[in-house]
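Colleague: Here it is, the structure in full.
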Amino acid sequence: MLESYIQHQRKQKDILLMTHIVVGYPSLDDCEKIVHEMVVSGVDIMELQIPFSEPIADGPVILRANQMALEEGITVADCFDFAKRMKQKYDIPFLYMTYANIMHKYGIHQFVSRMVQDGISGSIIPDLPPEEGMDYITTLKANSCSPIFIYAPTTSDERMSMLSQHGSGFIYCVARKGVTGAQTNFSNDLDTYLNRCRAATNLPIALGFGVKDRADIEFLTGKVDIAVIGTQTLKIVEDQGVTAVGPYIRDLR
Amino acid sequence: MKQEGYYDDFGGVFVPSLLSERFNQKGYYNEFGGAFVPEVLTATFDELNIAFDEAKKDPQFWKDYANILQNYSCRPTPLTFAENLTRHFGGASIYIKREDLNHTGAHKANNVLGQGLIVKRMGKQRVIAETGAGQHGVATATMAAKFGLDCTIYMGEVDVERQRPNVFWMERLGAEVIAVRDGTRILKDAINAAFRDWVTNMDTTHYVLGTACGPHPFPEMVSTFQSIIGFEARRQILSQVNQLPKRVYACVGGGSNALGIFLGFVNDPDVELIGVEAGGKGLNTGYHASRLCSEDASVGIAQGYKTFFLQNTDGQMRETHSVAAGLDYIGVSPILSSFHRSGRIHFTAATDTEVIDALTLAVQKEGLIPALESSHAFVQAFKDAPHLSKHDCIIINQSGRGDKDIFTIADAFDDPKWKSFIKEKAEAYHA
């Protein structure tokens with residue numbers, strides 16, 4: 001489902017854009033405005049991050065956004081309601097990004113039932129590798145939702161194949177070591193890595209971590225199916241306000 | 001008392017007996033443990049698992065380990081008969097395992113020196129560590145100085161403030177100390193910050209995790225190195241009184257000193273094992289760090305492993321509180337959670353006030369200065385001792401020394417001479 005949507009979109013666009021927000025940061029109202037700006041500016045897929053108090057894979061900007069959303073009292077139930085509303089308003093795929101504990105505490109089966117009810121297409125859980133997540137994988141797949149797995153430059157070819165078998169929708173390739181939000185050097189090394197990713201999977205591939213401007217998107221066009229913009233839109237919102245998001249997205253391609 | 005051959009059975013016989021199928025199944029201890037690791041670190045954990053597995057099977061590794069602990073960290077540490085406390089309570093004979101006499105003043109050295117030898121085998125040049133009370137940070141900085149490694153220590157901003165003497169020593173030892181300002185600014189946040197460093201620098205860097213928590217193989221590796229405490233304590237009590245203890249007491253933060261001494265007795269069914277958590281201001285106040293003996297904790301997944309965490313119904317971690325920075329933590333070793341579930345180890349809590357009282361008594365009666373962390377174990381032992389038979393003996397693990405806590409303890413006593421000293425010192429700096 002997610003995969004066929006991506007293939008369909010790719011017939012019309014050279015590269016798709018996936019963006020990210022932390023639900024509740026800076027506020028639910030602002031999030032709604034940001035989603036609107038993003039969708040009308042041509043974003044193809046959106047990640048909605050359900051905040052967690054210990055987001056170990058995130059860098060300082062997203063970490064702080066998680067903390068501030070929680071300090072404002074955002075609950076998992078608020079995130080579900082928000083996602084449901086966004087899906088009713090905007091006809092693009094929405095994904096959840098969160099950490100294993102949020103799903104574990106809610107209950108995997110209950111969590112996936114909510115995803116199905118609310119029309120959420122899949123999820124990215126950076127601290128839930130297949131070795132720990134077989135129940136998660138089978139439950140999502142049985143409900144036509146996509147468990148999205150991550151490749152890193154340190155992932156072996158053999159492991160890439162294993163992850164590809166368990167994943168669905170697309171593969172999220174992390175451009176470099178480290179956490180979200182740091183600088184990435186878009187270079188020939190990245191080409192070599194992306195070739196390795198392509199060789200290991202038939203799923204569409206997305207590239208994230210450090211994608212921030214038109215030059216990065218141009219570099220990636222023809223090499224990946226989806227460019228992921230994460231931390232940069234948070235910085236835009238913090239520096240220039242919500243209304244700056246639309247022009248920024250439109251300028252990317 | 002450097003005894004030839006004292007540790008001959010440790011690596012080859014004792015350690016393999018701990019790692020039986022019952023104890024460890026691929027990093028799981030019953031339902032607890034695992035390795036919930038971001039993809040970018042998977043290869044690093046594979047490398048660490050291989051290095052630890054190879055080291056465990058290498059007799060030379062265990063010779064090196066015993067050698068450095070004997071000649072650099074003063075092992076075996078004594079088991080001291082606390083004659084005055086025994087008389088004071090009039091019940092069981094009280095014995096104290098003196099981990100405070102390790103180099104750097106706590107049991108932390110046992111783990112750090114073991115991991116240091118693993119780092120040398122892996123050929124990495126830099127180590128990072130989290131620290132709460134600062135003892136693990138000082139131990140790691142000391143090991144780094146001795147082994148010629150670069151060292152960065154992550155410490156919550158709150159803990160930097162309450163454990164300044166340890167920060168001073170870490171910096172003198174050549175470590176960079178980074179005050180972590182995220183989250184609740186204590187131990188858990190220091191662990192997150194260390195992981196964030198590691199996912200960027202894993203090629204050159206090993207993360208010396210200080211307690212028996214985190215993703216596999218850390219719980220197993222740390223408790224293996226710490227089990228030297230129990231290995232010694234069991235021999236010592238048998239040789240001193242020719243009987244096993246009725247009960248063994250240890251404080252529980254992450255759980256490394258507790259597992260260290262308990263693993264020596266875990267196969268002796270008649271020895272009761274008592275872990276004492278931080279009761280803070282009381283279990284009914286919400287201000288505590290009791291994961292296994294309070295209703296406020298439930299099973300969750302964070303910081304790479306599955307265990308009991310102090311968390312809310314959404315799975316967000318709660319704030320914790322303890323007078324002892326080293327116990328002020330949301331999670332607990334998955335190995336302890338497993339023993340809690342099976343009933344092999346019993347858990348209780350001591351409040352901040354009880355801890356200060358127990359510390360005072362230990363100082364006055366025995367001239368011992370247990371750390372605030374270790375004093376939690378003393379609280380429960382002191383409660384139980386009068387009710388036990390004079391023919392019984394008990395062991396308390398004094399996991400660290402209390403000198404580092406001088407500021408906190410002076411505050412608790414509202415010590416006027418100390419206050420005027422600090423005031424004069426401050427004025428002298430100001431001039």
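Chains: A, B, ... in order of the structure tokens. Residues: from 1 per chain. Ligands: from 1, in order shown.
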At most 9 Å is the cut-off: for each residue in chain A with any atom that close to an atom of chain B, write down the nearest atom pair and the distance in Å rounded to one decimal, counting only C-alpha atoms, chain first then increasing number, as CSV.

Modeller:
residue,atom,partner,partner_atom,distance
A:Pro51,CA,B:Gln316,CA,8.8
A:Phe52,CA,B:Gln316,CA,6.1
A:Ser53,CA,B:Gln316,CA,5.4
A:Glu54,CA,B:Ala302,CA,7.0
A:Pro55,CA,B:Asn192,CA,7.9
A:Ile56,CA,B:Asn192,CA,5.6
A:Ala57,CA,B:Pro38,CA,6.8
A:Asp58,CA,B:Arg196,CA,7.9
A:Gly59,CA,B:Arg196,CA,7.5
A:Pro60,CA,B:Asp182,CA,8.7
A:Leu63,CA,B:Asp182,CA,8.2
A:Arg64,CA,B:Asp182,CA,7.7
A:Gln67,CA,B:Gly183,CA,6.9
A:Leu70,CA,B:Gln316,CA,8.6
A:Thr75,CA,B:Asp314,CA,6.9
A:Val76,CA,B:Asp314,CA,6.3
A:Ala77,CA,B:Asp314,CA,8.7
A:Tyr99,CA,B:Ala302,CA,8.4
A:Ala100,CA,B:Ile301,CA,6.4
A:Asn101,CA,B:Ile301,CA,4.8
A:Ile102,CA,B:Gly315,CA,5.4
A:Met103,CA,B:Gly315,CA,8.5
A:His104,CA,B:Gly300,CA,6.9
A:Lys105,CA,B:Gly315,CA,5.6
A:Tyr106,CA,B:Asp314,CA,6.9
A:Ile125,CA,B:Pro38,CA,8.9
A:Pro126,CA,B:Pro38,CA,5.4
A:Asp127,CA,B:Pro38,CA,4.8
A:Leu128,CA,B:Phe36,CA,5.6
A:Pro129,CA,B:Phe36,CA,6.7
A:Glu131,CA,B:Ala35,CA,8.5
A:Glu132,CA,B:Phe36,CA,6.8
A:Phe149,CA,B:Glu39,CA,8.7
A:Ile150,CA,B:Glu39,CA,6.4
A:Tyr151,CA,B:Glu39,CA,6.7
A:Ala152,CA,B:Val40,CA,5.2
A:Pro153,CA,B:Val40,CA,7.3
A:Thr154,CA,B:Val40,CA,6.0
A:Thr155,CA,B:Ala43,CA,6.7
A:Ser156,CA,B:Ala43,CA,7.9
A:Val174,CA,B:Val40,CA,8.3
A:Arg176,CA,B:Thr200,CA,8.5
A:Lys177,CA,B:Thr200,CA,5.1
A:Gly178,CA,B:Thr200,CA,3.8
A:Val179,CA,B:Arg196,CA,6.4

Colleague: Can those selected residues be exported to a file as a PDB file, in the first residue's frame so that it contains C-alpha atoms?

Modeller:
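Final output, saved to result_3.pdb:
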ATOM      1  CA  PRO A  51       7.383  12.330  21.939  1.00  0.00           C
ATOM      2  CA  PHE A  52       9.327  10.133  24.379  1.00  0.00           C
ATOM      3  CA  SER A  53      11.292  11.208  27.425  1.00  0.00           C
ATOM      4  CA  GLU A  54      14.446   9.242  26.429  1.00  0.00           C
ATOM      5  CA  PRO A  55      14.904   9.657  22.649  1.00  0.00           C
ATOM      6  CA  ILE A  56      18.427   8.206  22.359  1.00  0.00           C
ATOM      7  CA  ALA A  57      18.651   8.304  18.552  1.00  0.00           C
ATOM      8  CA  ASP A  58      17.790  11.999  18.327  1.00  0.00           C
ATOM      9  CA  GLY A  59      20.151  14.967  18.403  1.00  0.00           C
ATOM     10  CA  PRO A  60      19.793  18.141  20.471  1.00  0.00           C
ATOM     11  CA  LEU A  63      15.513  15.997  21.808  1.00  0.00           C
ATOM     12  CA  ARG A  64      14.529  19.438  23.056  1.00  0.00           C
ATOM     13  CA  GLN A  67      11.032  17.435  26.099  1.00  0.00           C
ATOM     14  CA  LEU A  70       6.026  16.550  27.126  1.00  0.00           C
ATOM     15  CA  THR A  75      -0.038  12.471  25.811  1.00  0.00           C
ATOM     16  CA  VAL A  76      -0.057   9.493  23.475  1.00  0.00           C
ATOM     17  CA  ALA A  77      -3.842   9.894  23.207  1.00  0.00           C
ATOM     18  CA  TYR A  99      10.458   4.681  20.523  1.00  0.00           C
ATOM     19  CA  ALA A 100       9.773   1.091  21.535  1.00  0.00           C
ATOM     20  CA  ASN A 101       8.503   1.939  25.017  1.00  0.00           C
ATOM     21  CA  ILE A 102       5.596   4.059  23.778  1.00  0.00           C
ATOM     22  CA  MET A 103       4.270   1.151  21.723  1.00  0.00           C
ATOM     23  CA  HIS A 104       5.130  -1.405  24.419  1.00  0.00           C
ATOM     24  CA  LYS A 105       3.244   0.503  27.133  1.00  0.00           C
ATOM     25  CA  TYR A 106       0.178   1.037  24.948  1.00  0.00           C
ATOM     26  CA  ILE A 125      10.858   2.688  15.737  1.00  0.00           C
ATOM     27  CA  PRO A 126      14.614   3.310  15.850  1.00  0.00           C
ATOM     28  CA  ASP A 127      15.240   1.236  18.988  1.00  0.00           C
ATOM     29  CA  LEU A 128      13.291  -1.825  17.846  1.00  0.00           C
ATOM     30  CA  PRO A 129      15.465  -3.989  15.568  1.00  0.00           C
ATOM     31  CA  GLU A 131      15.627  -9.299  16.657  1.00  0.00           C
ATOM     32  CA  GLU A 132      13.478  -7.673  19.347  1.00  0.00           C
ATOM     33  CA  PHE A 149      13.491  -0.380   9.005  1.00  0.00           C
ATOM     34  CA  ILE A 150      16.675   1.617   8.971  1.00  0.00           C
ATOM     35  CA  TYR A 151      19.984   1.084   7.167  1.00  0.00           C
ATOM     36  CA  ALA A 152      23.144   2.741   8.465  1.00  0.00           C
ATOM     37  CA  PRO A 153      26.580   2.966   6.813  1.00  0.00           C
ATOM     38  CA  THR A 154      27.742   0.448   9.437  1.00  0.00           C
ATOM     39  CA  THR A 155      25.097  -2.137   8.420  1.00  0.00           C
ATOM     40  CA  SER A 156      26.609  -5.173   6.671  1.00  0.00           C
ATOM     41  CA  VAL A 174      20.619   7.006   7.507  1.00  0.00           C
ATOM     42  CA  ARG A 176      25.945   8.865   8.349  1.00  0.00           C
ATOM     43  CA  LYS A 177      26.801   7.845  11.893  1.00  0.00           C
ATOM     44  CA  GLY A 178      25.559   9.927  14.785  1.00  0.00           C
ATOM     45  CA  VAL A 179      22.234  11.365  15.825  1.00  0.00           C
TER      46      VAL A 179
END

Colleague: Just the residues within 7 Å of segment 116-122 of chain B, please, counting only C-alpha atoms, with nothing from its chain fewer than 4 positions along; format it as a JSON list (two decimals) with C-alpha atoms, in the first residue's frame.

Modeller:
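The resulting selection-v5.json:
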[["chain", "number", "residue", "atom", "x", "y", "z"],
["B", 51, "ALA", "CA", 35.53, -9.33, 22.17],
["B", 52, "PHE", "CA", 33.89, -10.21, 25.51],
["B", 112, "VAL", "CA", 36.21, -0.44, 34.83],
["B", 143, "MET", "CA", 41.71, 3.61, 34.14],
["B", 206, "HIS", "CA", 34.27, 2.27, 23.77]]

Colleague: Enumerate as a ChimeraX atom specification all residues of segment 199-366 of chain B assigned to alpha helix (DSSP H) by DSSP on the backbone, naming them with the chain letters and numbers the document uses.

Modeller: /B:199-201,218-226,228-241,256-262,334-342,352-366

Colleague: Got time to write the residues from that selection, C-alpha atoms, as an mmCIF file, in the first residue's frame?

Modeller:
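Here's the written file again_14.cif:
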data_model
loop_
_atom_site.group_PDB
_atom_site.id
_atom_site.type_symbol
_atom_site.label_atom_id
_atom_site.label_comp_id
_atom_site.auth_asym_id
_atom_site.auth_seq_id
_atom_site.Cartn_x
_atom_site.Cartn_y
_atom_site.Cartn_z
ATOM 1 C CA VAL B 199 26.671 6.486 17.864
ATOM 2 C CA THR B 200 28.960 9.106 16.328
ATOM 3 C CA ASN B 201 32.382 7.924 17.525
ATOM 4 C CA PHE B 218 26.526 -4.906 29.346
ATOM 5 C CA PRO B 219 24.394 -6.457 32.131
ATOM 6 C CA GLU B 220 26.284 -9.736 31.788
ATOM 7 C CA MET B 221 29.713 -8.152 31.349
ATOM 8 C CA VAL B 222 29.435 -5.717 34.260
ATOM 9 C CA SER B 223 28.004 -8.297 36.662
ATOM 10 C CA THR B 224 30.688 -10.788 35.643
ATOM 11 C CA PHE B 225 33.456 -8.349 36.538
ATOM 12 C CA GLN B 226 31.681 -7.364 39.755
ATOM 13 C CA ILE B 228 34.655 -10.967 42.108
ATOM 14 C CA ILE B 229 33.113 -9.331 45.220
ATOM 15 C CA GLY B 230 30.920 -12.334 45.947
ATOM 16 C CA PHE B 231 33.634 -14.777 44.911
ATOM 17 C CA GLU B 232 35.849 -13.350 47.651
ATOM 18 C CA ALA B 233 33.140 -12.730 50.250
ATOM 19 C CA ARG B 234 31.949 -16.358 50.207
ATOM 20 C CA ARG B 235 35.491 -17.669 50.723
ATOM 21 C CA GLN B 236 36.195 -15.106 53.419
ATOM 22 C CA ILE B 237 33.107 -15.774 55.528
ATOM 23 C CA LEU B 238 33.723 -19.525 55.317
ATOM 24 C CA SER B 239 37.315 -19.111 56.364
ATOM 25 C CA GLN B 240 36.519 -16.627 59.157
ATOM 26 C CA VAL B 241 33.463 -18.256 60.772
ATOM 27 C CA SER B 256 26.223 -3.649 39.882
ATOM 28 C CA ASN B 257 27.499 -3.858 43.471
ATOM 29 C CA ALA B 258 24.421 -5.863 44.484
ATOM 30 C CA LEU B 259 24.865 -8.405 41.702
ATOM 31 C CA GLY B 260 28.572 -8.431 42.441
ATOM 32 C CA ILE B 261 28.131 -9.727 45.974
ATOM 33 C CA PHE B 262 24.863 -11.672 45.435
ATOM 34 C CA PRO B 334 17.402 -6.809 34.063
ATOM 35 C CA ILE B 335 19.212 -9.555 35.968
ATOM 36 C CA LEU B 336 17.858 -8.155 39.239
ATOM 37 C CA SER B 337 14.358 -7.831 37.753
ATOM 38 C CA SER B 338 14.587 -11.501 36.872
ATOM 39 C CA PHE B 339 15.692 -12.508 40.390
ATOM 40 C CA HIS B 340 12.945 -10.264 41.785
ATOM 41 C CA ARG B 341 10.323 -12.091 39.736
ATOM 42 C CA SER B 342 11.671 -15.516 40.725
ATOM 43 C CA ASP B 352 17.032 9.537 53.008
ATOM 44 C CA THR B 353 16.603 10.167 56.742
ATOM 45 C CA GLU B 354 17.195 6.538 57.702
ATOM 46 C CA VAL B 355 20.317 6.564 55.531
ATOM 47 C CA ILE B 356 21.874 9.521 57.355
ATOM 48 C CA ASP B 357 21.148 7.838 60.711
ATOM 49 C CA ALA B 358 22.724 4.530 59.641
ATOM 50 C CA LEU B 359 25.761 6.326 58.273
ATOM 51 C CA THR B 360 26.186 8.181 61.560
ATOM 52 C CA LEU B 361 26.046 4.947 63.532
ATOM 53 C CA ALA B 362 28.591 3.212 61.280
ATOM 54 C CA VAL B 363 30.984 6.142 61.640
ATOM 55 C CA GLN B 364 30.616 6.320 65.424
ATOM 56 C CA LYS B 365 30.654 2.616 66.227
ATOM 57 C CA GLU B 366 33.130 1.267 63.694
#

Colleague: Neighbours of segment 166-169 of chain B within 9 Å (only C-alpha atoms; same-chain residues fewer than 4 positions away dropped), as a PyMOL selection string?

Modeller: chain B and resi 133-135+137-138+141+155+160+173-175+177+404

Colleague: As an exercise, work out the distance from atom CA of Val323 of chain B to atom CA of Phe32 of chain B in Å and give it to one decimal place.

Modeller: 27.8 Å

Colleague: Could you tell me, as an mmCIF file with N, CA and C atoms, in the first residue's frame, which residues of segment 249-373 of chain B DSSP assigns to strand (DSSP E) when given the backbone?

Modeller:
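Generated file (result.cif):
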data_model
loop_
_atom_site.group_PDB
_atom_site.id
_atom_site.type_symbol
_atom_site.label_atom_id
_atom_site.label_comp_id
_atom_site.auth_asym_id
_atom_site.auth_seq_id
_atom_site.Cartn_x
_atom_site.Cartn_y
_atom_site.Cartn_z
ATOM 1 N N TYR B 249 23.345 -8.144 52.353
ATOM 2 C CA TYR B 249 22.684 -6.875 52.040
ATOM 3 C C TYR B 249 23.519 -6.040 51.071
ATOM 4 N N ALA B 250 22.837 -5.435 50.105
ATOM 5 C CA ALA B 250 23.529 -4.502 49.206
ATOM 6 C C ALA B 250 22.549 -3.429 48.757
ATOM 7 N N CYS B 251 23.055 -2.221 48.506
ATOM 8 C CA CYS B 251 22.202 -1.172 47.951
ATOM 9 C C CYS B 251 22.014 -1.429 46.454
ATOM 10 N N GLU B 272 19.814 -15.673 52.326
ATOM 11 C CA GLU B 272 18.827 -14.700 51.848
ATOM 12 C C GLU B 272 19.540 -13.469 51.311
ATOM 13 N N LEU B 273 19.123 -13.013 50.131
ATOM 14 C CA LEU B 273 19.764 -11.876 49.482
ATOM 15 C C LEU B 273 18.803 -10.693 49.504
ATOM 16 N N ILE B 274 19.267 -9.574 50.068
ATOM 17 C CA ILE B 274 18.393 -8.414 50.280
ATOM 18 C C ILE B 274 18.969 -7.196 49.548
ATOM 19 N N GLY B 275 18.236 -6.699 48.567
ATOM 20 C CA GLY B 275 18.629 -5.484 47.852
ATOM 21 C C GLY B 275 17.868 -4.299 48.417
ATOM 22 N N VAL B 276 18.566 -3.199 48.666
ATOM 23 C CA VAL B 276 17.919 -2.023 49.267
ATOM 24 C C VAL B 276 17.949 -0.857 48.277
ATOM 25 N N GLU B 277 16.753 -0.419 47.888
ATOM 26 C CA GLU B 277 16.627 0.670 46.927
ATOM 27 C C GLU B 277 16.508 2.015 47.647
ATOM 28 N N ALA B 278 16.570 3.071 46.839
ATOM 29 C CA ALA B 278 16.468 4.420 47.397
ATOM 30 C C ALA B 278 15.009 4.758 47.658
ATOM 31 N N GLY B 279 14.647 4.864 48.942
ATOM 32 C CA GLY B 279 13.275 5.226 49.311
ATOM 33 C C GLY B 279 13.055 6.739 49.310
ATOM 34 N N GLY B 280 14.127 7.519 49.115
ATOM 35 C CA GLY B 280 14.007 8.980 49.026
ATOM 36 C C GLY B 280 13.249 9.557 50.206
ATOM 37 N N ALA B 297 6.521 1.615 39.572
ATOM 38 C CA ALA B 297 7.302 1.131 38.427
ATOM 39 C C ALA B 297 6.534 0.062 37.668
ATOM 40 N N SER B 298 6.853 -0.069 36.373
ATOM 41 C CA SER B 298 6.269 -1.139 35.567
ATOM 42 C C SER B 298 7.287 -1.515 34.492
ATOM 43 N N VAL B 299 7.027 -2.633 33.813
ATOM 44 C CA VAL B 299 7.989 -3.127 32.826
ATOM 45 C C VAL B 299 7.974 -2.229 31.593
ATOM 46 N N GLY B 300 9.139 -1.840 31.162
ATOM 47 C CA GLY B 300 9.244 -0.983 29.989
ATOM 48 C C GLY B 300 10.544 -1.219 29.245
ATOM 49 N N ILE B 301 10.732 -0.432 28.187
ATOM 50 C CA ILE B 301 11.941 -0.538 27.366
ATOM 51 C C ILE B 301 12.529 0.861 27.221
ATOM 52 N N ALA B 302 13.739 1.062 27.721
ATOM 53 C CA ALA B 302 14.406 2.351 27.533
ATOM 54 C C ALA B 302 15.904 2.127 27.679
ATOM 55 N N TYR B 305 17.267 -1.510 26.923
ATOM 56 C CA TYR B 305 16.952 -2.779 27.579
ATOM 57 C C TYR B 305 15.580 -2.746 28.224
ATOM 58 N N LYS B 306 15.100 -3.950 28.540
ATOM 59 C CA LYS B 306 13.760 -4.116 29.100
ATOM 60 C C LYS B 306 13.872 -4.479 30.576
ATOM 61 N N THR B 307 13.200 -3.703 31.404
ATOM 62 C CA THR B 307 13.243 -3.971 32.843
ATOM 63 C C THR B 307 12.105 -3.205 33.523
ATOM 64 N N PHE B 308 12.100 -3.159 34.860
ATOM 65 C CA PHE B 308 11.161 -2.294 35.577
ATOM 66 C C PHE B 308 11.687 -0.861 35.533
ATOM 67 N N PHE B 309 10.836 0.047 35.086
ATOM 68 C CA PHE B 309 11.189 1.467 35.055
ATOM 69 C C PHE B 309 10.160 2.269 35.844
ATOM 70 N N LEU B 310 10.610 3.372 36.415
ATOM 71 C CA LEU B 310 9.693 4.337 37.018
ATOM 72 C C LEU B 310 9.155 5.205 35.883
ATOM 73 N N ILE B 345 15.829 -12.941 45.112
ATOM 74 C CA ILE B 345 16.333 -11.764 45.838
ATOM 75 C C ILE B 345 15.130 -10.958 46.323
ATOM 76 N N HIS B 346 15.191 -10.530 47.568
ATOM 77 C CA HIS B 346 14.120 -9.726 48.154
ATOM 78 C C HIS B 346 14.537 -8.247 48.124
ATOM 79 N N PHE B 347 13.603 -7.366 47.804
ATOM 80 C CA PHE B 347 13.947 -5.941 47.708
ATOM 81 C C PHE B 347 13.151 -5.111 48.701
ATOM 82 N N THR B 348 13.842 -4.114 49.251
ATOM 83 C CA THR B 348 13.219 -3.208 50.197
ATOM 84 C C THR B 348 13.800 -1.809 49.923
ATOM 85 N N ALA B 349 13.343 -0.808 50.687
ATOM 86 C CA ALA B 349 13.841 0.553 50.445
ATOM 87 C C ALA B 349 14.205 1.227 51.761
ATOM 88 N N ALA B 350 15.139 2.171 51.685
ATOM 89 C CA ALA B 350 15.524 2.973 52.854
ATOM 90 C C ALA B 350 15.343 4.446 52.499
ATOM 91 N N THR B 351 14.794 5.215 53.436
ATOM 92 C CA THR B 351 14.568 6.638 53.158
ATOM 93 C C THR B 351 15.850 7.446 53.392
#

Colleague: Could you pull the residues within 12 Å of Ile406 of chain B, counting only C-alpha atoms, minus those fewer than 2 positions along the same chain, as an mmCIF file with N, CA and C atoms, in the first residue's frame?

Modeller:
data_model
loop_
_atom_site.group_PDB
_atom_site.id
_atom_site.type_symbol
_atom_site.label_atom_id
_atom_site.label_comp_id
_atom_site.auth_asym_id
_atom_site.auth_seq_id
_atom_site.Cartn_x
_atom_site.Cartn_y
_atom_site.Cartn_z
ATOM 1 N N ARG B 162 26.209 18.366 43.017
ATOM 2 C CA ARG B 162 26.255 17.729 44.340
ATOM 3 C C ARG B 162 27.489 16.860 44.556
ATOM 4 N N GLN B 163 28.299 16.631 43.504
ATOM 5 C CA GLN B 163 29.480 15.785 43.674
ATOM 6 C C GLN B 163 30.730 16.478 43.137
ATOM 7 N N ARG B 164 30.904 17.733 43.462
ATOM 8 C CA ARG B 164 32.022 18.524 42.956
ATOM 9 C C ARG B 164 33.394 17.894 43.204
ATOM 10 N N PRO B 165 33.647 17.297 44.393
ATOM 11 C CA PRO B 165 34.985 16.734 44.612
ATOM 12 C C PRO B 165 35.352 15.677 43.547
ATOM 13 N N ASN B 166 34.387 14.847 43.155
ATOM 14 C CA ASN B 166 34.675 13.852 42.116
ATOM 15 C C ASN B 166 34.922 14.497 40.754
ATOM 16 N N ILE B 369 33.286 4.862 57.064
ATOM 17 C CA ILE B 369 32.506 5.921 56.420
ATOM 18 C C ILE B 369 31.923 5.371 55.120
ATOM 19 N N PRO B 370 30.767 4.708 55.209
ATOM 20 C CA PRO B 370 30.155 4.216 53.963
ATOM 21 C C PRO B 370 29.607 5.373 53.135
ATOM 22 N N ALA B 371 29.621 5.219 51.824
ATOM 23 C CA ALA B 371 29.004 6.211 50.938
ATOM 24 C C ALA B 371 27.505 6.261 51.236
ATOM 25 N N LEU B 372 26.872 7.369 50.857
ATOM 26 C CA LEU B 372 25.418 7.475 51.041
ATOM 27 C C LEU B 372 24.705 6.316 50.346
ATOM 28 N N ARG B 401 33.169 4.433 49.619
ATOM 29 C CA ARG B 401 33.467 5.244 50.796
ATOM 30 C C ARG B 401 32.755 6.606 50.698
ATOM 31 N N GLY B 402 32.481 7.185 51.863
ATOM 32 C CA GLY B 402 31.626 8.364 51.904
ATOM 33 C C GLY B 402 32.342 9.704 51.844
ATOM 34 N N ASP B 403 33.650 9.704 51.717
ATOM 35 C CA ASP B 403 34.377 10.988 51.711
ATOM 36 C C ASP B 403 33.816 11.952 50.666
ATOM 37 N N LYS B 404 33.446 11.382 49.502
ATOM 38 C CA LYS B 404 32.937 12.205 48.402
ATOM 39 C C LYS B 404 31.662 12.951 48.790
ATOM 40 N N THR B 408 27.184 16.936 51.021
ATOM 41 C CA THR B 408 25.804 16.514 51.288
ATOM 42 C C THR B 408 25.615 16.175 52.762
ATOM 43 N N ILE B 409 26.584 15.433 53.320
ATOM 44 C CA ILE B 409 26.447 14.999 54.715
ATOM 45 C C ILE B 409 26.572 16.197 55.663
ATOM 46 N N ALA B 410 27.494 17.105 55.364
ATOM 47 C CA ALA B 410 27.630 18.308 56.198
ATOM 48 C C ALA B 410 26.328 19.104 56.186
ATOM 49 N N ASP B 411 25.672 19.154 55.022
ATOM 50 C CA ASP B 411 24.367 19.824 54.936
ATOM 51 C C ASP B 411 23.341 19.123 55.819
ATOM 52 N N ALA B 412 23.334 17.777 55.734
ATOM 53 C CA ALA B 412 22.341 17.008 56.495
ATOM 54 C C ALA B 412 22.523 17.255 57.995
ATOM 55 N N PHE B 413 23.767 17.413 58.445
ATOM 56 C CA PHE B 413 24.031 17.654 59.867
ATOM 57 C C PHE B 413 23.988 19.143 60.216
ATOM 58 N N ASP B 414 23.853 19.963 59.169
ATOM 59 C CA ASP B 414 23.834 21.408 59.369
ATOM 60 C C ASP B 414 25.064 21.823 60.197
ATOM 61 N N ASP B 415 26.223 21.289 59.815
ATOM 62 C CA ASP B 415 27.460 21.414 60.605
ATOM 63 C C ASP B 415 27.995 22.850 60.599
ATOM 64 N N TRP B 418 31.800 23.382 59.579
ATOM 65 C CA TRP B 418 32.010 23.168 58.144
ATOM 66 C C TRP B 418 31.530 24.379 57.353
ATOM 67 N N LYS B 419 30.356 24.898 57.747
ATOM 68 C CA LYS B 419 29.790 26.043 57.031
ATOM 69 C C LYS B 419 30.705 27.259 57.120
ATOM 70 N N ILE B 422 33.678 26.788 54.820
ATOM 71 C CA ILE B 422 33.344 27.031 53.407
ATOM 72 C C ILE B 422 33.226 28.540 53.153
#

Colleague: Between atom CA of Ser146 of chain A and atom CA of Asp14 of chain A, measure the distance and give it in Å to one decimal.

Modeller: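 Separation between atom CA of Ser146 of chain A and atom CA of Asp14 of chain A: 22.8 Å.
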
Colleague: Could you tell me which of A:Arg159, A:Arg114, A:His20, A:Lys84 comes closest to Val245 of chain A if we count only C-alpha atoms?

Modeller: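 Under the stated criterion, the closest residue is A:His20.
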
Colleague: Kindly indicate which residue among A:Thr233, A:Thr139, A:Asn202, A:Ser123 lies nearest to Ser161 of chain A, using only C-alpha atoms for the distances.

Modeller: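 Nearest to Ser161 of chain A: A:Asn202.
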